[in-house]
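S.K.: My questions all concern the structure below.
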Amino acid sequence: MSFSLIPDGVYPSIYQIDGPALNRRGITLLLADLDNTLAKYGQPEPDQDLRAWKDALAAAGVELFLLSNSRKPRRAEHFARALGIPFLGHAEKPKSGGFLKAMAQMGRTPAQTAMVGDQIFTDILGAKRTGVLALMVEPIQLAGNPGRYLRYAVEEPFRALGRRRTRKE
């Protein structure tokens, strides 16, 4: 089991993650965090840009799967159903169980899977521990909980190292 906090790539948003590029790497399943990755905290429905990005991924042979730690069980379910994708709520990231369950549900291996999220200590660590490609996006919105500012500040050195990896692609 690997222990790394450095993402394999860091992007300004999900919209810079390219389906054909993932597919060329053998990735056919993209696990995605919900809050501050796919949508703002509390955003009840996917917007048109997210729907178009999901469709572009699908056209490239990459399925999107919502893997959320949301403490509101109905939120992840409602959002995923509105977007037309499978989901797993209460995934307990960074534990590997949720990642493994999602891959088993979709019939994929770690080599065929990537994870995208906005947090080092849940999304990236969990992906690394499970052996899937770990992609990070900048958070959509920092407003709100002051603890988020501290957490993102602590994560910044790891984000910076991940940005260097992204440029080398």
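Letters A, B, ... go to the chains of the structure tokens in the order shown; residues in each chain start at 1; ligands are counted from 1 in the same order.
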Please return as a count of residues only: the residues of chain A that backbone DSSP assigns to helix (DSSP H, G or I).

M.R.: 79

S.K.: Contacts of range 158-166 of chain A at 9 Å or less, counting only C-alpha atoms, minus same-chain residues fewer than 6 places along, as a VMD selection string?

M.R.: chain A and resid 5 to 11 120 135 to 136 138

S.K.: Create the file for the chosen residues now, containing N, CA and C atoms and written as a PDB file, in the first residue's frame.

M.R.:
```pdb
ATOM      1  N   LEU A   5       1.321  11.813  -0.816  1.00  0.00           N
ATOM      2  CA  LEU A   5       0.379  12.932  -0.803  1.00  0.00           C
ATOM      3  C   LEU A   5       0.535  13.811  -2.044  1.00  0.00           C
ATOM      4  N   ILE A   6       1.337  13.369  -2.986  1.00  0.00           N
ATOM      5  CA  ILE A   6       1.596  14.170  -4.184  1.00  0.00           C
ATOM      6  C   ILE A   6       0.690  13.695  -5.322  1.00  0.00           C
ATOM      7  N   PRO A   7      -0.167  14.577  -5.814  1.00  0.00           N
ATOM      8  CA  PRO A   7      -1.046  14.194  -6.933  1.00  0.00           C
ATOM      9  C   PRO A   7      -0.243  13.919  -8.203  1.00  0.00           C
ATOM     10  N   ASP A   8      -0.817  13.097  -9.066  1.00  0.00           N
ATOM     11  CA  ASP A   8      -0.187  12.812 -10.359  1.00  0.00           C
ATOM     12  C   ASP A   8      -0.396  13.951 -11.345  1.00  0.00           C
ATOM     13  N   GLY A   9      -1.312  14.842 -11.038  1.00  0.00           N
ATOM     14  CA  GLY A   9      -1.564  16.020 -11.856  1.00  0.00           C
ATOM     15  C   GLY A   9      -2.485  16.964 -11.106  1.00  0.00           C
ATOM     16  N   VAL A  10      -2.313  18.266 -11.323  1.00  0.00           N
ATOM     17  CA  VAL A  10      -3.161  19.282 -10.706  1.00  0.00           C
ATOM     18  C   VAL A  10      -3.673  20.201 -11.814  1.00  0.00           C
ATOM     19  N   TYR A  11      -4.964  20.446 -11.804  1.00  0.00           N
ATOM     20  CA  TYR A  11      -5.615  21.220 -12.852  1.00  0.00           C
ATOM     21  C   TYR A  11      -6.428  22.356 -12.235  1.00  0.00           C
ATOM     22  N   ILE A 120      -6.159  16.831  -0.620  1.00  0.00           N
ATOM     23  CA  ILE A 120      -5.023  15.919  -0.514  1.00  0.00           C
ATOM     24  C   ILE A 120      -5.303  14.768   0.439  1.00  0.00           C
ATOM     25  N   LEU A 135      -5.693  12.612  -9.552  1.00  0.00           N
ATOM     26  CA  LEU A 135      -5.758  13.923 -10.185  1.00  0.00           C
ATOM     27  C   LEU A 135      -6.421  14.906  -9.221  1.00  0.00           C
ATOM     28  N   MET A 136      -5.879  16.102  -9.169  1.00  0.00           N
ATOM     29  CA  MET A 136      -6.383  17.102  -8.245  1.00  0.00           C
ATOM     30  C   MET A 136      -6.822  18.334  -9.007  1.00  0.00           C
ATOM     31  N   GLU A 138      -8.166  22.492  -8.340  1.00  0.00           N
ATOM     32  CA  GLU A 138      -8.259  23.574  -7.369  1.00  0.00           C
ATOM     33  C   GLU A 138      -9.707  23.643  -6.895  1.00  0.00           C
TER      34      GLU A 138
END
```

S.K.: Per residue of range 16-59 of chain A within 12 Å of range 90-94 of chain A, which atom pair is closest and at what distance in Å (one decimal), using only C-alpha atoms, listed by chain and increasing number, as a tab-separated table?

M.R.:
```
residue	atom	partner	partner_atom	distance
A:Leu31	CA	A:Ala91	CA	11.3
A:Ala32	CA	A:Ala91	CA	11.4
A:Asp33	CA	A:Lys93	CA	9.8
A:Leu34	CA	A:Ala91	CA	11.5
```

S.K.: List the spatial neighbours of Ala39 in chain A as a PyMOL selection string - criterion: any atom at most 12 Å away, only C-alpha atoms, same-chain residues fewer than 2 positions off excluded.

M.R.: chain A and resi 13-15+32-37+41-51+66+68+75-76+79-80+83+117-118+137-141

S.K.: Choose the residue, out of A:Ile27, A:Glu155, A:Lys54, A:Lys101, that has the smallest atom-to-atom separation from Phe121 in chain A; count only C-alpha atoms.

M.R.: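 Answer, going by the shortest atom-to-atom distance: A:Glu155.
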
S.K.: Which residues in chain A does DSSP call strand (DSSP E)? List them as a list in words.

M.R.: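 Selection result, strand (DSSP E) within chain A: Gly9, Val10, Tyr11, Leu29, Leu30, Leu31, Ala32, Glu63, Leu64, Phe65, Leu66, Leu67, Phe87, Leu88, Thr113, Ala114, Met115, Val116, Gly117, Leu133, Ala134, Leu135, Met136 and Val137 of chain A.
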
S.K.: Can I get the selected residues back with N, CA and C atoms, as an mmCIF file, in the first residue's frame?

M.R.:
```cif
data_model
loop_
_atom_site.group_PDB
_atom_site.id
_atom_site.type_symbol
_atom_site.label_atom_id
_atom_site.label_comp_id
_atom_site.auth_asym_id
_atom_site.auth_seq_id
_atom_site.Cartn_x
_atom_site.Cartn_y
_atom_site.Cartn_z
ATOM 1 N N GLY A 9 -1.312 14.842 -11.038
ATOM 2 C CA GLY A 9 -1.564 16.020 -11.856
ATOM 3 C C GLY A 9 -2.485 16.964 -11.106
ATOM 4 N N VAL A 10 -2.313 18.266 -11.323
ATOM 5 C CA VAL A 10 -3.161 19.282 -10.706
ATOM 6 C C VAL A 10 -3.673 20.201 -11.814
ATOM 7 N N TYR A 11 -4.964 20.446 -11.804
ATOM 8 C CA TYR A 11 -5.615 21.220 -12.852
ATOM 9 C C TYR A 11 -6.428 22.356 -12.235
ATOM 10 N N LEU A 29 -12.393 4.688 -16.222
ATOM 11 C CA LEU A 29 -13.275 5.036 -15.109
ATOM 12 C C LEU A 29 -12.668 6.208 -14.354
ATOM 13 N N LEU A 30 -13.443 7.271 -14.224
ATOM 14 C CA LEU A 30 -13.002 8.436 -13.463
ATOM 15 C C LEU A 30 -13.905 8.597 -12.248
ATOM 16 N N LEU A 31 -13.343 8.317 -11.074
ATOM 17 C CA LEU A 31 -14.031 8.546 -9.817
ATOM 18 C C LEU A 31 -13.907 10.031 -9.514
ATOM 19 N N ALA A 32 -14.970 10.642 -9.042
ATOM 20 C CA ALA A 32 -14.929 12.088 -8.801
ATOM 21 C C ALA A 32 -15.579 12.434 -7.471
ATOM 22 N N GLU A 63 -16.005 6.527 -18.170
ATOM 23 C CA GLU A 63 -17.219 6.658 -17.367
ATOM 24 C C GLU A 63 -16.929 7.465 -16.115
ATOM 25 N N LEU A 64 -17.858 8.335 -15.753
ATOM 26 C CA LEU A 64 -17.753 9.143 -14.550
ATOM 27 C C LEU A 64 -18.537 8.470 -13.429
ATOM 28 N N PHE A 65 -17.974 8.463 -12.225
ATOM 29 C CA PHE A 65 -18.573 7.819 -11.049
ATOM 30 C C PHE A 65 -18.383 8.754 -9.873
ATOM 31 N N LEU A 66 -19.452 9.079 -9.172
ATOM 32 C CA LEU A 66 -19.385 9.978 -8.020
ATOM 33 C C LEU A 66 -18.999 9.191 -6.769
ATOM 34 N N LEU A 67 -17.864 9.566 -6.172
ATOM 35 C CA LEU A 67 -17.365 8.930 -4.947
ATOM 36 C C LEU A 67 -17.262 10.022 -3.891
ATOM 37 N N PHE A 87 -22.947 6.139 -8.281
ATOM 38 C CA PHE A 87 -22.375 6.848 -7.137
ATOM 39 C C PHE A 87 -22.191 5.920 -5.951
ATOM 40 N N LEU A 88 -21.365 6.395 -5.044
ATOM 41 C CA LEU A 88 -21.209 5.780 -3.733
ATOM 42 C C LEU A 88 -21.045 6.915 -2.743
ATOM 43 N N THR A 113 -8.395 3.081 -13.678
ATOM 44 C CA THR A 113 -9.156 4.037 -12.888
ATOM 45 C C THR A 113 -8.328 5.249 -12.490
ATOM 46 N N ALA A 114 -8.981 6.407 -12.469
ATOM 47 C CA ALA A 114 -8.394 7.638 -11.932
ATOM 48 C C ALA A 114 -9.386 8.219 -10.934
ATOM 49 N N MET A 115 -8.882 9.049 -10.045
ATOM 50 C CA MET A 115 -9.712 9.763 -9.071
ATOM 51 C C MET A 115 -9.429 11.235 -9.229
ATOM 52 N N VAL A 116 -10.459 12.070 -9.231
ATOM 53 C CA VAL A 116 -10.268 13.513 -9.238
ATOM 54 C C VAL A 116 -10.969 14.103 -8.022
ATOM 55 N N GLY A 117 -10.243 14.966 -7.327
ATOM 56 C CA GLY A 117 -10.802 15.612 -6.153
ATOM 57 C C GLY A 117 -10.032 16.865 -5.809
ATOM 58 N N LEU A 133 -4.754 6.422 -10.505
ATOM 59 C CA LEU A 133 -4.191 7.708 -10.895
ATOM 60 C C LEU A 133 -4.870 8.808 -10.086
ATOM 61 N N ALA A 134 -4.094 9.667 -9.447
ATOM 62 C CA ALA A 134 -4.617 10.693 -8.539
ATOM 63 C C ALA A 134 -4.530 12.072 -9.175
ATOM 64 N N LEU A 135 -5.693 12.612 -9.552
ATOM 65 C CA LEU A 135 -5.758 13.923 -10.185
ATOM 66 C C LEU A 135 -6.421 14.906 -9.221
ATOM 67 N N MET A 136 -5.879 16.102 -9.169
ATOM 68 C CA MET A 136 -6.383 17.102 -8.245
ATOM 69 C C MET A 136 -6.822 18.334 -9.007
ATOM 70 N N VAL A 137 -7.885 18.946 -8.515
ATOM 71 C CA VAL A 137 -8.329 20.227 -9.051
ATOM 72 C C VAL A 137 -8.297 21.256 -7.940
#
```

S.K.: Rank nothing, just name the residue among A:Thr28, A:Ser96, A:Asn69, A:Gln112 nearest to Thr130 in chain A, using only C-alpha atoms.

M.R.: A:Ser96

S.K.: Which is closest to Phe99 in chain A among A:Leu38, A:Ala127, A:Leu57, A:Ala52, if we use only C-alpha atoms?

M.R.: A:Ala127
